[in-house]
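Asker: This is the structure I have questions about; it appears just below.
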Amino acid sequence: MDFKKIVFGKMLLHGSGEERMVIRDGAVYIEGDQIIDVGKHDEISKNHSCDVEIGSSNHVLMPGFVNSHNHGRGFGPLRVGIRDAALEIWIAYHLAEVFFLSIYHNALLSCMKLIESGVTTTNHHFYAHNPEERALYEKDLEDVMRAYLDSGMRVSFVPAIQDQNRRVYLEERKFVEKLPEDIQRNLSIEVPGEEDISKRIKSYFNTFDETFEKYQDFEGRIRLSYGPTGVHWCSDELLERVKREAERKDVGIHIHLQETKYQREYGFKVFGKTPLQHLEDIDFLGSEVSFAHCVWVTEEDIELLSERRAVAVHNPSSNLRLFSGIAPIVQMIKKGVRVAIGVDSTGINDDEDILQEIRLCSAIHRKPGIKEYQEYSRHLTPAILLDMATIKGAASTGFKKIGAIKIGSKADLILLNTRNLPLYLISMLSLEEIILNWAKGVNVDTVMINGEIIMKDRRFTKLDKNETLNILEKSIKEFDPKKNKTLDKYRTHLIKYYQNWNGE
């Protein structure tokens, strides 16, 4: 049954970008999953009858946040013993499969942590068993989809695919063959042959088609996109096929781009240009493509991102934790690039708190100097930062009516409790500035997604977080000491490999 609802607060953030305005004592009227009216609370109450009314004079009503790059890990890698390291080293522990968690419960916990911080839509770049292990792959996929259905969350679901360079970026077979036999054996390291790769690709696209038919636009809150993992991990043949299929289905593409300096160097070694410039050569770029990280982009790359209307997704915590660097988003925004923000399942506190992610983003781009301060003040204002986590994030997901409170939009809303928010400063500071400097996930009291109340007074209406935590904690096993020791040895070979790239 579609209940009619009124949601209200002391202040309401209406619209987005330059058109955003604050309505004091504001409210929205909702029918089903859609916002029908926006205005003053007394006027909305007079003009519309409702079945449910929520809010108070202690709340700020605003649109739900959009997490534009994530991997659905409720228990982040550090929680299961994988220490932060440079990406190329860190990823080896994932490939070695040193831990096993319930994919359903891990994704469900990720949803709950995101919802608790006010995220109503997430972009899930999905990794699991390789597609050639089709029965296991399809079970993993169904488990994750079930987590999103059970959580009530809106998701842009992006199954990942790659067909080359799984272990290292160049001459993978040569690298593997030089490894000591005990490393190859204990970590099951081998380079797949052409037949295995062909089987993987065929299985991926067939499974994507089946999943698309089953889940696309399910309840209006699931959309699928293609997820090639990165230029260095994907052949041109695979990337070109992804582009064709995405155009045929009218869906998006989400891909990692130049996250580390070695990934940019890969482009110069293989193509004589950056990976992004190579993507331009093969006609891959477009407004339907979103790029995660974009740390090591050049001025020419930034121009391309702007001209092709692609979305760059900034992941501040992940980029810092994995020794990747700081993406030049001030320059991107200055050039008109659409920039969104993502937690990447590697938030600064491992709690998926997007408000703290935005605050970190604000802080790390404050370069020393008056000129730099002026650039920052123009191009990374609180309003722009809020847009990155709402309306610009929406552009990375394929959903058309999210990211702002306005008539006709989806009813994805959050109520922030104003405790610890110095609203007495409202005459001197904008509401966006107050929210982004003081609010945390704990301030999020109520979350509505697609018109449904998912969390109220910080209690989930249908989910049990403690039960999910208990199941995951019981499933964690100690690392196999033999495998862990072998990984340490393997790491030394990886370090030497990448040091030889540029004479470090």
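Chain labels run A, B, ... following the order of the structure tokens; each chain numbers its residues from 1, and ligands are numbered from 1 in the order shown.
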Counting only C-alpha atoms, what is within 12 Å of Ser49 (chain A), bar same-chain residues fewer than 6 positions away, as an mmCIF file with N, CA and C atoms, in the first residue's frame?

Answerer:
data_model
loop_
_atom_site.group_PDB
_atom_site.id
_atom_site.type_symbol
_atom_site.label_atom_id
_atom_site.label_comp_id
_atom_site.auth_asym_id
_atom_site.auth_seq_id
_atom_site.Cartn_x
_atom_site.Cartn_y
_atom_site.Cartn_z
ATOM 1 N N PHE A 3 1.455 4.621 1.197
ATOM 2 C CA PHE A 3 1.012 5.590 2.189
ATOM 3 C C PHE A 3 1.373 7.008 1.749
ATOM 4 N N LYS A 4 0.522 7.928 2.143
ATOM 5 C CA LYS A 4 0.806 9.342 1.928
ATOM 6 C C LYS A 4 1.549 9.854 3.158
ATOM 7 N N LYS A 5 2.651 10.551 2.933
ATOM 8 C CA LYS A 5 3.509 10.961 4.039
ATOM 9 C C LYS A 5 3.850 12.442 3.949
ATOM 10 N N ILE A 6 4.038 13.038 5.113
ATOM 11 C CA ILE A 6 4.614 14.375 5.221
ATOM 12 C C ILE A 6 5.869 14.258 6.081
ATOM 13 N N VAL A 28 7.883 18.206 2.980
ATOM 14 C CA VAL A 28 7.561 17.613 1.680
ATOM 15 C C VAL A 28 6.348 16.715 1.849
ATOM 16 N N TYR A 29 5.551 16.647 0.807
ATOM 17 C CA TYR A 29 4.411 15.731 0.775
ATOM 18 C C TYR A 29 4.734 14.639 -0.229
ATOM 19 N N ILE A 30 4.543 13.386 0.178
ATOM 20 C CA ILE A 30 4.969 12.233 -0.613
ATOM 21 C C ILE A 30 3.786 11.302 -0.847
ATOM 22 N N GLU A 31 3.676 10.857 -2.081
ATOM 23 C CA GLU A 31 2.745 9.772 -2.408
ATOM 24 C C GLU A 31 3.547 8.649 -3.037
ATOM 25 N N ASP A 42 3.387 24.386 7.461
ATOM 26 C CA ASP A 42 1.974 24.686 7.708
ATOM 27 C C ASP A 42 1.162 24.659 6.425
ATOM 28 N N GLU A 43 1.764 25.096 5.313
ATOM 29 C CA GLU A 43 1.054 25.084 4.029
ATOM 30 C C GLU A 43 0.886 23.653 3.512
#

Asker: List the neighbours of Glu352 (chain A) out to 10 Å using only C-alpha atoms; skip same-chain residues closer than 5 positions along the sequence, and give me the result as a PDB file with C-alpha atoms, in the first residue's frame.

Answerer:
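Okay, selection-v5.pdb is ready:
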ATOM      1  CA  ASN A  67      28.019   6.891  -2.645  1.00  0.00           C
ATOM      2  CA  ASN A  70      31.918   1.093  -3.399  1.00  0.00           C
ATOM      3  CA  ARG A  73      32.392  -4.743   2.036  1.00  0.00           C
ATOM      4  CA  GLY A  74      30.659  -4.314   5.383  1.00  0.00           C
ATOM      5  CA  GLY A  76      36.524  -3.764   5.350  1.00  0.00           C
ATOM      6  CA  SER A 110      27.657  -2.418   4.046  1.00  0.00           C
ATOM      7  CA  CYS A 111      24.113  -1.281   3.239  1.00  0.00           C
ATOM      8  CA  MET A 112      23.304  -0.756   6.903  1.00  0.00           C
ATOM      9  CA  LYS A 113      26.482   1.220   7.575  1.00  0.00           C
ATOM     10  CA  LEU A 114      25.826   3.424   4.562  1.00  0.00           C
ATOM     11  CA  ILE A 115      22.197   3.972   5.529  1.00  0.00           C
ATOM     12  CA  GLU A 116      23.292   4.953   9.030  1.00  0.00           C
ATOM     13  CA  SER A 117      25.382   7.755   7.518  1.00  0.00           C
ATOM     14  CA  VAL A 119      23.423   7.205   2.038  1.00  0.00           C
ATOM     15  CA  GLY A 342      32.732   7.576  -3.062  1.00  0.00           C
ATOM     16  CA  VAL A 343      33.717   5.766   0.118  1.00  0.00           C
ATOM     17  CA  ASP A 344      35.145   2.734  -1.764  1.00  0.00           C
ATOM     18  CA  SER A 345      34.523   0.422   1.230  1.00  0.00           C
ATOM     19  CA  THR A 346      37.743   1.928   2.632  1.00  0.00           C
ATOM     20  CA  GLY A 347      36.566   4.956   4.580  1.00  0.00           C
ATOM     21  CA  GLU A 357      34.458  11.482   3.717  1.00  0.00           C
ATOM     22  CA  GLY A 441      26.719   9.852  10.476  1.00  0.00           C
TER      23      GLY A 441
END

Asker: Please extract the residues of region 71-204 of chain A with a backbone DSSP assignment of strand (DSSP E or B) and present them as a list in words.

Answerer: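 Reading the DSSP output for region 71-204 of chain A, strand (DSSP E or B) covers Val119, Thr120, Thr121, Thr122, Asn123, His124, His125, Phe126, Arg154, Val155, Ser156, Phe157, Val158, Pro159, Ala160 and Ile161 of chain A.
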
Asker: Where does DSSP see helix (DSSP H, G or I) in region 58-287 of chain A, if you list the residues as a ChimeraX atom specification?

Answerer: /A:77-80,87-95,103-116,134-151,172-178,181-186,194-215,218-220,236-249,261-270,275-281

Asker: Can you tell me which residues surround region 464-475 of chain A at a distance of at most 10 Å, considering only C-alpha atoms, apart from same-chain residues fewer than 4 positions away, and format the answer as a PyMOL selection string?

Answerer: chain A and resi 74-75+79-80+99-106+108-109+112-113+459-460

Asker: Please write the residues from the selection above to a file, keeping N, CA and C atoms, as a PDB file, in the first residue's frame.

Answerer:
ATOM      1  N   GLY A  74      31.034  -4.768   4.057  1.00  0.00           N
ATOM      2  CA  GLY A  74      30.659  -4.314   5.383  1.00  0.00           C
ATOM      3  C   GLY A  74      31.799  -4.460   6.366  1.00  0.00           C
ATOM      4  N   PHE A  75      32.486  -5.585   6.275  1.00  0.00           N
ATOM      5  CA  PHE A  75      33.744  -5.764   6.986  1.00  0.00           C
ATOM      6  C   PHE A  75      34.854  -5.376   6.012  1.00  0.00           C
ATOM      7  N   ARG A  79      39.517  -4.996   8.738  1.00  0.00           N
ATOM      8  CA  ARG A  79      38.749  -5.714   9.762  1.00  0.00           C
ATOM      9  C   ARG A  79      39.059  -7.214   9.736  1.00  0.00           C
ATOM     10  N   VAL A  80      39.509  -7.710   8.593  1.00  0.00           N
ATOM     11  CA  VAL A  80      39.846  -9.136   8.499  1.00  0.00           C
ATOM     12  C   VAL A  80      41.352  -9.348   8.377  1.00  0.00           C
ATOM     13  N   PHE A  99      40.751 -14.794   3.224  1.00  0.00           N
ATOM     14  CA  PHE A  99      39.611 -14.781   4.137  1.00  0.00           C
ATOM     15  C   PHE A  99      38.338 -15.061   3.348  1.00  0.00           C
ATOM     16  N   PHE A 100      37.342 -15.580   4.062  1.00  0.00           N
ATOM     17  CA  PHE A 100      36.070 -15.899   3.427  1.00  0.00           C
ATOM     18  C   PHE A 100      34.945 -15.361   4.306  1.00  0.00           C
ATOM     19  N   LEU A 101      34.065 -14.591   3.724  1.00  0.00           N
ATOM     20  CA  LEU A 101      32.931 -14.038   4.449  1.00  0.00           C
ATOM     21  C   LEU A 101      31.665 -14.306   3.646  1.00  0.00           C
ATOM     22  N   SER A 102      30.542 -14.366   4.318  1.00  0.00           N
ATOM     23  CA  SER A 102      29.265 -14.482   3.637  1.00  0.00           C
ATOM     24  C   SER A 102      29.052 -13.238   2.782  1.00  0.00           C
ATOM     25  N   ILE A 103      28.972 -13.422   1.489  1.00  0.00           N
ATOM     26  CA  ILE A 103      28.800 -12.285   0.587  1.00  0.00           C
ATOM     27  C   ILE A 103      27.488 -11.562   0.876  1.00  0.00           C
ATOM     28  N   TYR A 104      26.443 -12.320   1.175  1.00  0.00           N
ATOM     29  CA  TYR A 104      25.153 -11.705   1.488  1.00  0.00           C
ATOM     30  C   TYR A 104      25.260 -10.822   2.721  1.00  0.00           C
ATOM     31  N   HIS A 105      25.779 -11.354   3.808  1.00  0.00           N
ATOM     32  CA  HIS A 105      25.832 -10.601   5.055  1.00  0.00           C
ATOM     33  C   HIS A 105      26.838  -9.454   4.983  1.00  0.00           C
ATOM     34  N   ASN A 106      27.916  -9.648   4.243  1.00  0.00           N
ATOM     35  CA  ASN A 106      28.895  -8.564   4.086  1.00  0.00           C
ATOM     36  C   ASN A 106      28.286  -7.399   3.318  1.00  0.00           C
ATOM     37  N   LEU A 108      25.038  -6.826   3.070  1.00  0.00           N
ATOM     38  CA  LEU A 108      23.950  -6.292   3.889  1.00  0.00           C
ATOM     39  C   LEU A 108      24.497  -5.354   4.960  1.00  0.00           C
ATOM     40  N   LEU A 109      25.618  -5.729   5.581  1.00  0.00           N
ATOM     41  CA  LEU A 109      26.219  -4.852   6.590  1.00  0.00           C
ATOM     42  C   LEU A 109      26.694  -3.549   5.953  1.00  0.00           C
ATOM     43  N   MET A 112      23.737  -1.323   5.630  1.00  0.00           N
ATOM     44  CA  MET A 112      23.304  -0.756   6.903  1.00  0.00           C
ATOM     45  C   MET A 112      24.235   0.360   7.362  1.00  0.00           C
ATOM     46  N   LYS A 113      25.536   0.174   7.183  1.00  0.00           N
ATOM     47  CA  LYS A 113      26.482   1.220   7.575  1.00  0.00           C
ATOM     48  C   LYS A 113      26.305   2.474   6.717  1.00  0.00           C
ATOM     49  N   ARG A 459      17.034   3.438  14.323  1.00  0.00           N
ATOM     50  CA  ARG A 459      16.691   2.024  14.408  1.00  0.00           C
ATOM     51  C   ARG A 459      16.165   1.561  13.044  1.00  0.00           C
ATOM     52  N   PHE A 460      16.719   0.459  12.562  1.00  0.00           N
ATOM     53  CA  PHE A 460      16.254  -0.073  11.286  1.00  0.00           C
ATOM     54  C   PHE A 460      14.856  -0.650  11.457  1.00  0.00           C
TER      55      PHE A 460
END

Asker: Neighbours of Tyr215 (chain A) within 12 Å (only C-alpha atoms; same-chain residues fewer than 2 positions away dropped), as a ChimeraX atom specification?

Answerer: /A:141-142,145-146,148-149,155-157,207-213,217-225

Asker: So which residues touch Leu304 (chain A) within 10 Å, counting only C-alpha atoms, skipping near sequence neighbours fewer than 6 positions away, as a PDB file with N, CA and C atoms, in the first residue's frame?

Answerer:
ATOM      1  N   LEU A 276      43.555   7.103 -20.187  1.00  0.00           N
ATOM      2  CA  LEU A 276      42.349   7.830 -20.583  1.00  0.00           C
ATOM      3  C   LEU A 276      42.435   8.277 -22.034  1.00  0.00           C
ATOM      4  N   GLN A 277      43.601   8.764 -22.453  1.00  0.00           N
ATOM      5  CA  GLN A 277      43.755   9.194 -23.837  1.00  0.00           C
ATOM      6  C   GLN A 277      43.627   8.005 -24.788  1.00  0.00           C
ATOM      7  N   GLU A 280      40.002   7.370 -25.332  1.00  0.00           N
ATOM      8  CA  GLU A 280      39.481   8.300 -26.341  1.00  0.00           C
ATOM      9  C   GLU A 280      39.749   7.756 -27.740  1.00  0.00           C
ATOM     10  N   LEU A 285      34.899   6.870 -24.433  1.00  0.00           N
ATOM     11  CA  LEU A 285      34.433   7.911 -23.523  1.00  0.00           C
ATOM     12  C   LEU A 285      33.015   8.360 -23.859  1.00  0.00           C
ATOM     13  N   GLY A 286      32.344   8.921 -22.834  1.00  0.00           N
ATOM     14  CA  GLY A 286      30.995   9.418 -23.034  1.00  0.00           C
ATOM     15  C   GLY A 286      30.368   9.789 -21.711  1.00  0.00           C
ATOM     16  N   THR A 298      46.346  13.868 -16.126  1.00  0.00           N
ATOM     17  CA  THR A 298      47.085  15.023 -16.615  1.00  0.00           C
ATOM     18  C   THR A 298      46.117  16.145 -16.978  1.00  0.00           C
ATOM     19  N   ALA A 310      32.115  12.927 -18.972  1.00  0.00           N
ATOM     20  CA  ALA A 310      32.243  11.775 -18.096  1.00  0.00           C
ATOM     21  C   ALA A 310      32.231  12.232 -16.639  1.00  0.00           C
ATOM     22  N   LYS A 335      37.536  23.054 -14.585  1.00  0.00           N
ATOM     23  CA  LYS A 335      37.398  22.810 -16.024  1.00  0.00           C
ATOM     24  C   LYS A 335      36.023  22.267 -16.404  1.00  0.00           C
ATOM     25  N   VAL A 337      34.462  19.467 -15.116  1.00  0.00           N
ATOM     26  CA  VAL A 337      34.254  18.028 -14.972  1.00  0.00           C
ATOM     27  C   VAL A 337      33.212  17.773 -13.886  1.00  0.00           C
TER      28      VAL A 337
END

Asker: Any idea what's packed within 9 Å of Val330 (chain A), counting only C-alpha atoms, ignoring anything in its chain fewer than 5 positions away? Could you give it as an mmCIF file with N, CA and C atoms, in the first residue's frame?

Answerer:
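Okay, around-v7.cif is ready:
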data_model
loop_
_atom_site.group_PDB
_atom_site.id
_atom_site.type_symbol
_atom_site.label_atom_id
_atom_site.label_comp_id
_atom_site.auth_asym_id
_atom_site.auth_seq_id
_atom_site.Cartn_x
_atom_site.Cartn_y
_atom_site.Cartn_z
ATOM 1 N N LYS A 335 37.536 23.054 -14.585
ATOM 2 C CA LYS A 335 37.398 22.810 -16.024
ATOM 3 C C LYS A 335 36.023 22.267 -16.404
ATOM 4 N N HIS A 365 42.378 19.243 0.199
ATOM 5 C CA HIS A 365 42.619 20.047 -1.001
ATOM 6 C C HIS A 365 42.988 21.495 -0.675
ATOM 7 N N GLU A 375 41.589 29.678 -5.386
ATOM 8 C CA GLU A 375 41.091 28.621 -6.274
ATOM 9 C C GLU A 375 40.156 27.686 -5.509
ATOM 10 N N TYR A 376 40.602 27.273 -4.328
ATOM 11 C CA TYR A 376 39.800 26.378 -3.494
ATOM 12 C C TYR A 376 38.462 27.026 -3.144
ATOM 13 N N HIS A 379 36.111 26.905 -6.182
ATOM 14 C CA HIS A 379 35.766 25.647 -6.850
ATOM 15 C C HIS A 379 35.467 24.487 -5.915
ATOM 16 N N LEU A 380 35.622 24.665 -4.602
ATOM 17 C CA LEU A 380 35.298 23.587 -3.676
ATOM 18 C C LEU A 380 34.542 24.160 -2.468
#

Asker: Region 113-147 of chain A near region 196-202 of chain A within 8 Å: what's each residue's closest atom pair and its distance in Å to one decimal, counting only C-alpha atoms, ordered by chain then ascending residue number, as a tab-separated table?

Answerer:
residue	atom	partner	partner_atom	distance
A:Asn130	CA	A:Arg200	CA	7.1
A:Pro131	CA	A:Arg200	CA	5.2
A:Glu132	CA	A:Arg200	CA	4.3

Asker: When you draw a straight line from CA of His493 (chain A) to CA of Gln263 (chain A), how long is it in Å?

Answerer: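 It comes out at 18.1 Å.
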
Asker: Which polymer residues have any atom within 12 Å of an atom of Lys456 (chain A), counting only C-alpha atoms, with same-chain residues fewer than 6 positions away left out, as number ranges by chain?

Answerer: A: 54-55, 115-116, 118, 413-417, 443-449, 462-463

Asker: Atoms to include: C-alpha atoms. Write the selected residues as a short mmCIF file (atom, residue, chain, number, x, y, z; two decimals), in the first residue's frame.

Answerer:
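Final file, result.cif:
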data_model
loop_
_atom_site.label_atom_id
_atom_site.label_comp_id
_atom_site.auth_asym_id
_atom_site.auth_seq_id
_atom_site.Cartn_x
_atom_site.Cartn_y
_atom_site.Cartn_z
CA ILE A 54 7.56 12.39 10.66
CA GLY A 55 10.11 15.02 11.62
CA ILE A 115 22.20 3.97 5.53
CA GLU A 116 23.29 4.95 9.03
CA GLY A 118 22.53 8.96 5.31
CA LEU A 413 15.33 11.73 2.22
CA ILE A 414 17.22 11.98 5.47
CA LEU A 415 16.52 13.80 8.71
CA LEU A 416 19.60 15.15 10.49
CA ASN A 417 19.28 15.75 14.21
CA ASN A 443 23.42 12.79 13.40
CA VAL A 444 21.32 10.92 10.83
CA ASP A 445 18.11 10.00 12.66
CA THR A 446 15.78 8.93 9.89
CA VAL A 447 16.30 7.60 6.35
CA MET A 448 13.64 7.20 3.68
CA ILE A 449 14.39 5.43 0.38
CA LYS A 462 13.26 -4.27 8.99
CA LEU A 463 16.89 -5.22 9.66
#

Asker: Which value, in Å to one decimal, gives the distance between CA of Val168 (chain A) and CA of His94 (chain A)?

Answerer: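 Between CA of Val168 (chain A) and CA of His94 (chain A) the gap is 13.7 Å.
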
Asker: With distances taken over only C-alpha atoms, which residue among A:Val52, A:Ile36, A:Leu179, A:Ile91 lies nearest Tyr490 (chain A)?

Answerer: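 Selected residue with least distance to Tyr490 (chain A): A:Leu179.
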